[in-house]
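S.K.: Could you have a look at this structure, given as structure tokens, before my questions?
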Amino acid sequence: MSTTRRKYARRLPPEQRREQLLDAALSLIPAGFDTVTMESVAKQASVTKPVLYDLFANRSSLISALLEREATRATEQVLAALPTDFATRSPDDAFADAVRVFVNAVVEAPDRWRLVLLPPEGTPREFRAQVGLVRAGVLAQIEDLAALGVKELGCLDDLDSALLGHAMLALAEMSGRLVLTDPEKFTPDRLVAFVTRIAHGLR
């Protein structure tokens, strides 16, 4: 008579376990928020449900923690991509570099950026609103950089820097969506080359 021994999850420090469980939940979201249940997350993370309930009281608290983490990390990645000045690079090169950093961030964390750029059915309104607020803040910074860049170049005095800021953000977001939806056709190199050509073409 044979017996089957049940596999138990390796013990991890609470914070490491928490990250593992949030990663598992995030990986399920592309199929829709309704697929994210306590049972499905436990199964995805290869843990028992009691392990999950030790850290998250219910589905609502799990999803809330996940969305908060992803919004924070997405914001950090965007801000890290933005240039702070043009002391070492021209404005057009700085913008192309910013898009390169951003697109690579999207490639490295596709589930996070699908949630932000291509929110699936059932994405909570609160998260969409938070993304909107972050986007507005990023846009304001890009508009300031665009105004500084126009001044730095000196040959674009008649260019509307506010509209340029909107166009720059739209190009970056378009690049992120394309590398998510059709990565074989729209590679990071192709997208960055296009943005670089557009940026230099302004001269």
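Naming works like this for the structure tokens: A, B, ... for the chains as they're shown, residue 1 at the start of each chain, ligands 1 onward in shown order.
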Per residue of segment 59-157 of chain A within 10 Å of segment 162-179 of chain A, which atom pair is closest and at what distance in Å (one decimal), using only C-alpha atoms, listed by chain and increasing number, as a tab-separated table?

M.R.:
```
residue	atom	partner	partner_atom	distance
A:Phe95	CA	A:Met168	CA	8.0
A:Ala96	CA	A:Ala172	CA	9.4
A:Ala98	CA	A:Ala172	CA	8.6
A:Val99	CA	A:Ala172	CA	5.8
A:Arg100	CA	A:Ala172	CA	9.0
A:Phe102	CA	A:Ala172	CA	7.5
A:Val103	CA	A:Gly176	CA	5.7
A:Asn104	CA	A:Gly176	CA	9.0
A:Ala105	CA	A:Gly176	CA	9.1
A:Val106	CA	A:Gly176	CA	6.3
A:Val107	CA	A:Val179	CA	7.2
A:Pro110	CA	A:Val179	CA	9.1
A:Trp113	CA	A:Gly176	CA	7.9
A:Arg114	CA	A:Arg177	CA	7.9
A:Val116	CA	A:Arg177	CA	9.8
A:Leu117	CA	A:Arg177	CA	6.4
A:Leu118	CA	A:Arg177	CA	7.2
A:Arg135	CA	A:Leu169	CA	9.1
A:Val138	CA	A:Leu169	CA	8.5
A:Leu139	CA	A:Gly165	CA	6.7
A:Ala140	CA	A:Gly165	CA	8.0
A:Gln141	CA	A:Gly165	CA	8.6
A:Ile142	CA	A:Gly165	CA	5.3
A:Glu143	CA	A:Gly165	CA	4.3
A:Asp144	CA	A:Gly165	CA	7.9
A:Leu145	CA	A:Gly165	CA	7.8
A:Ala146	CA	A:Gly165	CA	5.7
A:Ala147	CA	A:Ala162	CA	7.4
A:Val150	CA	A:Leu164	CA	9.4
```

S.K.: Going by DSSP on the backbone, which bits of segment 44-179 of chain A are helix (DSSP H, G or I)? Write them as a PyMOL selection string, please.

M.R.: chain A and resi 44+49-55+59-81+91-108+110-117+125-153+161-179

S.K.: Rank A:Asp111, A:Phe86, A:Thr48, A:Ser161 by their smallest atom-to-atom distance to Asp23 of chain A, using only C-alpha atoms, and report the top residue only.

M.R.: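 Of the candidates, the smallest distance to Asp23 of chain A is held by A:Asp111.
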
S.K.: Mind checking which residues fall within 12 Å of Leu115 of chain A, counting only C-alpha atoms, ignoring those fewer than 2 positions away in the same chain, and posting them as a count of residues only?

M.R.: 35

S.K.: I'd like to know which of A:Val101, A:Leu62, A:Ala24, A:Leu133 is closest to Leu191 of chain A, using only C-alpha atoms.

M.R.: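 When distances to Leu191 of chain A are compared using only C-alpha atoms, the smallest one comes from A:Val101.
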
S.K.: So which one's closest to Ala65 of chain A, A:Glu39, A:Asp93, A:Glu19, A:Asp85? Using only C-alpha atoms, please.

M.R.: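 Result for the nearest residue to Ala65 of chain A: A:Glu19.
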
S.K.: Rounded to one decimal in Å, what is the spacing between atom CA of Gln16 of chain A and atom CA of Ala81 of chain A?

M.R.: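 Separating atom CA of Gln16 of chain A from atom CA of Ala81 of chain A is a distance of 27.1 Å.
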
S.K.: As an exercise, work out the distance from atom CA of Phe186 of chain A to atom CA of Ala136 of chain A in Å and give it to one decimal place.

M.R.: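 Atom-to-atom, atom CA of Phe186 of chain A to atom CA of Ala136 of chain A, that is 26.5 Å.
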
S.K.: So, counting only C-alpha atoms, which residue among A:Leu55, A:Ser64, A:Leu159, A:Gly149 is closest to Pro14 of chain A?

M.R.: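 Between A:Leu55, A:Ser64, A:Leu159, A:Gly149, the residue approaching Pro14 of chain A most closely is A:Leu55.
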
S.K.: For a test of reading the model, state the distance in Å between atom CA of Asp182 of chain A and atom CA of Gln44 of chain A, rounded to one decimal.

M.R.: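 Interatomic distance, atom CA of Asp182 of chain A to atom CA of Gln44 of chain A: 25.9 Å.
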
S.K.: Counting only C-alpha atoms, which of A:Glu152, A:Asp160, A:Leu79, A:Arg73 gets nearest to Asp92 of chain A?

M.R.: A:Glu152

S.K.: So, counting only C-alpha atoms, which residue among A:Met38, A:Leu153, A:Leu52, A:Ala129 is closest to Arg17 of chain A?

M.R.: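 Of the candidates, the smallest distance to Arg17 of chain A is held by A:Leu52.
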